[in-house]
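Visitor: Structure incoming, see below.
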Amino acid sequence: SLSDTVGFIRDLPHGLVVAFAATLQEAADADLLLHVVDASNPAHPEQIASVMGVLKDIGADQVPQILVFNKLDAMEPAAVPHALSDAMELQGQSVARIFVSAQTGEGVPELRRLLAERVLAATAVHDPDTPGVLDAARSDEP
């Protein structure tokens with residue numbers, strides 16, 4: 001299932017954390033978090049740190065993540081990456097990072113591919129004899 005969580009802000013008041021406990025619990029129970037970052041905002045490192053702090057507070061800091069840097073189309077030309085996907089270190093761990101533009105669609109196919117890989121990997125871990133999602137989709141059977 002997919003769920004959108006409340007937008008994270010710096011120093012999220014405890015009352016809001018309590019009010020959105022069920023929504024935030026979904027993040028803690030998730031198999032994978034898509035951590036969407038405004039790539040065009042120069043303060044994005046601080047925003048990432050703020051989100052990571054809230055994830056730690058709710059016990060979701062160990063949930064695997066993909067960092068989705070959105071607004072590729074709005075980035076300063078000198079800051080545009082050479083590759084749309086790579087990895088970056090986040091709290092001592094290598095985390096997949098992908099650059100996309102929700103407005104133009106650039107990078108979205110790569111994000112879909114990365115998500116499909118994660119689903120296939122999770123499916124293989126749970127039941128190695130069951131064909132993966134993409135294998136079933138590629139089947140010539142009706």
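Ordering of the structure tokens sets the chain letters (A, B, ...); residue numbers start at 1 within each chain; ligands are numbered from 1 in the order shown.
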Running DSSP on the backbone, which parts of region 33-142 of chain A land in helix (DSSP H, G or I), as a short mmCIF file (atom, residue, chain, number, x, y, z; two decimals) with N, CA, C and O atoms, in the first residue's frame?
Guide:
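What landed in selection08.cif:
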```cif
data_model
loop_
_atom_site.label_atom_id
_atom_site.label_comp_id
_atom_site.auth_asym_id
_atom_site.auth_seq_id
_atom_site.Cartn_x
_atom_site.Cartn_y
_atom_site.Cartn_z
N HIS A 44 17.97 22.09 1.28
CA HIS A 44 17.53 20.70 1.33
C HIS A 44 18.35 19.81 2.28
O HIS A 44 17.78 18.91 2.87
N PRO A 45 19.63 20.05 2.50
CA PRO A 45 20.33 19.20 3.48
C PRO A 45 19.74 19.33 4.89
O PRO A 45 19.60 18.34 5.61
N GLU A 46 19.36 20.55 5.27
CA GLU A 46 18.75 20.75 6.58
C GLU A 46 17.37 20.10 6.64
O GLU A 46 16.98 19.55 7.66
N GLN A 47 16.63 20.16 5.53
CA GLN A 47 15.32 19.53 5.48
C GLN A 47 15.44 18.01 5.60
O GLN A 47 14.65 17.36 6.30
N ILE A 48 16.43 17.43 4.94
CA ILE A 48 16.67 15.99 5.05
C ILE A 48 16.97 15.63 6.51
O ILE A 48 16.43 14.67 7.06
N ALA A 49 17.83 16.42 7.15
CA ALA A 49 18.19 16.16 8.55
C ALA A 49 16.96 16.26 9.44
O ALA A 49 16.79 15.46 10.37
N SER A 50 16.09 17.22 9.17
CA SER A 50 14.86 17.37 9.95
C SER A 50 13.96 16.15 9.82
O SER A 50 13.45 15.62 10.80
N VAL A 51 13.78 15.68 8.59
CA VAL A 51 12.96 14.49 8.36
C VAL A 51 13.58 13.29 9.07
O VAL A 51 12.88 12.50 9.72
N MET A 52 14.88 13.14 8.96
CA MET A 52 15.55 12.01 9.60
C MET A 52 15.36 12.06 11.12
O MET A 52 15.20 11.03 11.77
N GLY A 53 15.35 13.26 11.69
CA GLY A 53 15.11 13.40 13.13
C GLY A 53 13.72 12.93 13.52
O GLY A 53 13.55 12.22 14.51
N VAL A 54 12.73 13.31 12.73
CA VAL A 54 11.35 12.87 13.01
C VAL A 54 11.24 11.36 12.82
O VAL A 54 10.61 10.67 13.62
N LEU A 55 11.86 10.83 11.76
CA LEU A 55 11.82 9.38 11.55
C LEU A 55 12.43 8.65 12.74
O LEU A 55 11.91 7.61 13.17
N LYS A 56 13.49 9.19 13.28
CA LYS A 56 14.11 8.57 14.46
C LYS A 56 13.15 8.64 15.65
O LYS A 56 12.98 7.66 16.37
N ASP A 57 12.50 9.79 15.83
CA ASP A 57 11.57 9.95 16.95
C ASP A 57 10.42 8.95 16.91
O ASP A 57 9.92 8.54 17.94
N LEU A 72 13.94 18.54 -10.57
CA LEU A 72 15.14 18.54 -11.39
C LEU A 72 15.10 19.69 -12.39
O LEU A 72 16.11 20.34 -12.64
N ASP A 73 13.91 19.97 -12.92
CA ASP A 73 13.73 21.04 -13.90
C ASP A 73 13.95 22.43 -13.31
O ASP A 73 14.19 23.38 -14.06
N ALA A 74 13.89 22.57 -11.99
CA ALA A 74 14.03 23.88 -11.36
C ALA A 74 15.41 24.09 -10.73
O ALA A 74 15.66 25.14 -10.13
N PRO A 77 21.45 25.26 -13.27
CA PRO A 77 22.15 24.43 -14.26
C PRO A 77 23.45 23.81 -13.75
O PRO A 77 23.74 22.66 -14.05
N ALA A 78 24.20 24.54 -12.96
CA ALA A 78 25.47 24.02 -12.46
C ALA A 78 25.27 22.90 -11.43
O ALA A 78 26.19 22.11 -11.20
N ALA A 79 24.08 22.81 -10.84
CA ALA A 79 23.82 21.80 -9.82
C ALA A 79 23.17 20.54 -10.37
O ALA A 79 23.05 19.55 -9.66
N VAL A 108 11.30 9.80 -13.98
CA VAL A 108 10.22 8.97 -13.46
C VAL A 108 10.34 7.51 -13.92
O VAL A 108 10.17 6.60 -13.11
N PRO A 109 10.68 7.25 -15.19
CA PRO A 109 10.87 5.84 -15.57
C PRO A 109 11.97 5.15 -14.75
O PRO A 109 11.83 3.99 -14.37
N GLU A 110 13.03 5.86 -14.46
CA GLU A 110 14.11 5.30 -13.64
C GLU A 110 13.62 5.03 -12.22
O GLU A 110 13.96 4.01 -11.62
N LEU A 111 12.80 5.90 -11.68
CA LEU A 111 12.23 5.68 -10.35
C LEU A 111 11.34 4.44 -10.35
O LEU A 111 11.42 3.60 -9.45
N ARG A 112 10.53 4.29 -11.39
CA ARG A 112 9.68 3.09 -11.50
C ARG A 112 10.53 1.83 -11.57
O ARG A 112 10.22 0.82 -10.95
N ARG A 113 11.62 1.88 -12.33
CA ARG A 113 12.52 0.72 -12.44
C ARG A 113 13.11 0.38 -11.08
O ARG A 113 13.16 -0.79 -10.67
N LEU A 114 13.55 1.39 -10.36
CA LEU A 114 14.13 1.18 -9.05
C LEU A 114 13.11 0.58 -8.08
O LEU A 114 13.43 -0.35 -7.32
N LEU A 115 11.89 1.07 -8.12
CA LEU A 115 10.83 0.51 -7.27
C LEU A 115 10.55 -0.94 -7.64
O LEU A 115 10.38 -1.79 -6.77
N ALA A 116 10.50 -1.23 -8.93
CA ALA A 116 10.26 -2.61 -9.38
C ALA A 116 11.37 -3.53 -8.89
O ALA A 116 11.12 -4.65 -8.43
N GLU A 117 12.62 -3.06 -8.95
CA GLU A 117 13.75 -3.86 -8.45
C GLU A 117 13.58 -4.16 -6.97
O GLU A 117 13.83 -5.28 -6.52
N ARG A 118 13.16 -3.16 -6.21
CA ARG A 118 12.96 -3.36 -4.76
C ARG A 118 11.85 -4.36 -4.50
O ARG A 118 11.96 -5.20 -3.62
N VAL A 119 10.76 -4.28 -5.26
CA VAL A 119 9.65 -5.23 -5.09
C VAL A 119 10.12 -6.63 -5.43
O VAL A 119 9.83 -7.59 -4.70
N LEU A 120 10.83 -6.77 -6.53
CA LEU A 120 11.33 -8.09 -6.91
C LEU A 120 12.28 -8.65 -5.86
O LEU A 120 12.22 -9.84 -5.53
N ALA A 121 13.14 -7.82 -5.33
CA ALA A 121 14.08 -8.28 -4.31
C ALA A 121 13.33 -8.72 -3.06
O ALA A 121 13.65 -9.75 -2.46
N ALA A 122 12.32 -7.96 -2.65
CA ALA A 122 11.54 -8.32 -1.47
C ALA A 122 10.75 -9.60 -1.72
O ALA A 122 10.64 -10.45 -0.83
N THR A 123 10.23 -9.77 -2.93
CA THR A 123 9.47 -10.97 -3.27
C THR A 123 10.39 -12.18 -3.24
O THR A 123 10.02 -13.23 -2.73
N ALA A 124 11.59 -12.05 -3.76
CA ALA A 124 12.54 -13.16 -3.79
C ALA A 124 12.95 -13.57 -2.38
O ALA A 124 13.13 -14.75 -2.10
N VAL A 125 13.08 -12.60 -1.48
CA VAL A 125 13.46 -12.90 -0.11
C VAL A 125 12.34 -13.66 0.60
O VAL A 125 12.59 -14.60 1.33
N HIS A 126 11.08 -13.26 0.34
CA HIS A 126 9.96 -13.89 1.02
C HIS A 126 9.62 -15.27 0.45
O HIS A 126 9.22 -16.16 1.18
N VAL A 133 7.13 -9.89 -9.60
CA VAL A 133 6.07 -9.09 -10.19
C VAL A 133 6.34 -8.82 -11.66
O VAL A 133 5.48 -8.99 -12.50
N LEU A 134 7.57 -8.45 -12.00
CA LEU A 134 7.87 -8.15 -13.39
C LEU A 134 7.88 -9.42 -14.23
O LEU A 134 7.49 -9.40 -15.39
N ASP A 135 8.33 -10.54 -13.66
CA ASP A 135 8.31 -11.80 -14.40
C ASP A 135 6.89 -12.16 -14.79
O ASP A 135 6.63 -12.57 -15.91
N ALA A 136 5.96 -12.00 -13.85
CA ALA A 136 4.56 -12.31 -14.13
C ALA A 136 4.01 -11.35 -15.18
O ALA A 136 3.24 -11.74 -16.06
N ALA A 137 4.41 -10.10 -15.12
CA ALA A 137 3.92 -9.11 -16.08
C ALA A 137 4.46 -9.36 -17.48
O ALA A 137 3.83 -9.02 -18.46
N ARG A 138 5.65 -9.96 -17.57
CA ARG A 138 6.27 -10.22 -18.86
C ARG A 138 5.82 -11.54 -19.48
O ARG A 138 6.15 -11.85 -20.60
#
```
Visitor: Could you give me, as a list of chain:residue names, each residue of region 39-125 of chain A that DSSP assigns to strand (DSSP E or B) when run on this structure's backbone?
Guide: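 Secondary structure check on region 39-125 of chain A, strand (DSSP E or B): A:Gln65, A:Ile66, A:Leu67, A:Val68, A:Phe69, A:Asn70, A:Ser85, A:Asp86, A:Ala87, A:Met88, A:Glu89, A:Leu90, A:Gln93, A:Ser94, A:Val95, A:Ala96, A:Arg97, A:Ile98, A:Phe99.
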Visitor: Extract, using only C-alpha atoms, all DNA, RNA and protein residues at most 7 Å from Ser40 (chain A), discarding same-chain residues fewer than 2 positions from it, and format them as a PyMOL selection string.
Guide: chain A and resi 38+42+71+74-75
Visitor: Just to be explicit: take each residue in the selection above, keep N, CA and C atoms, and write the result as a PDB file, in the first residue's frame.
Guide:
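Heads up, here's the output in again-v5.pdb:
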```pdb
ATOM      1  N   ASP A  38      13.038  18.514  -2.107  1.00  0.00           N
ATOM      2  CA  ASP A  38      12.990  19.598  -3.090  1.00  0.00           C
ATOM      3  C   ASP A  38      14.428  19.909  -3.510  1.00  0.00           C
ATOM      4  N   PRO A  42      17.972  25.357  -1.734  1.00  0.00           N
ATOM      5  CA  PRO A  42      19.340  25.285  -1.228  1.00  0.00           C
ATOM      6  C   PRO A  42      19.421  24.754   0.210  1.00  0.00           C
ATOM      7  N   LYS A  71      12.002  18.176  -8.639  1.00  0.00           N
ATOM      8  CA  LYS A  71      12.217  19.514  -9.199  1.00  0.00           C
ATOM      9  C   LYS A  71      13.556  19.619  -9.921  1.00  0.00           C
ATOM     10  N   ALA A  74      13.891  22.573 -11.992  1.00  0.00           N
ATOM     11  CA  ALA A  74      14.032  23.883 -11.356  1.00  0.00           C
ATOM     12  C   ALA A  74      15.407  24.090 -10.729  1.00  0.00           C
ATOM     13  N   MET A  75      16.289  23.104 -10.879  1.00  0.00           N
ATOM     14  CA  MET A  75      17.627  23.230 -10.295  1.00  0.00           C
ATOM     15  C   MET A  75      18.482  24.207 -11.094  1.00  0.00           C
TER      16      MET A  75
END
```
Visitor: Could you check the closest approach to Glu26 (chain A) for each of A:Ala43, A:Val63, A:Ala83, A:Leu90 and tell me which residue wins, using only C-alpha atoms?
Guide: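 That would be A:Val63, the residue with the smallest distance to Glu26 (chain A).
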Visitor: Given only C-alpha atoms as the basis, pick out the residue of A:Ile58, A:Gln93, A:Met88, A:Val68 nearest to Phe20 (chain A).
Guide: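 The shortest atom-to-atom distance to Phe20 (chain A) comes from A:Ile58.
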Visitor: Hey, can you check how far CA of Leu24 (chain A) sits from CA of Ile66 (chain A)?
Guide: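 Value for the CA of Leu24 (chain A)-CA of Ile66 (chain A) distance: 17.5 Å.
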Visitor: What is the CA of Val37 (chain A) to CA of Leu84 (chain A) distance in Å?
Guide: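 Spanning CA of Val37 (chain A) to CA of Leu84 (chain A) is a straight-line distance of 14.2 Å.
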Visitor: Could you tell me how far CA of Gln91 (chain A) lies from CA of Ala28 (chain A), in Å and to one decimal?
Guide: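 Separation of CA of Gln91 (chain A) and CA of Ala28 (chain A): 17.1 Å.
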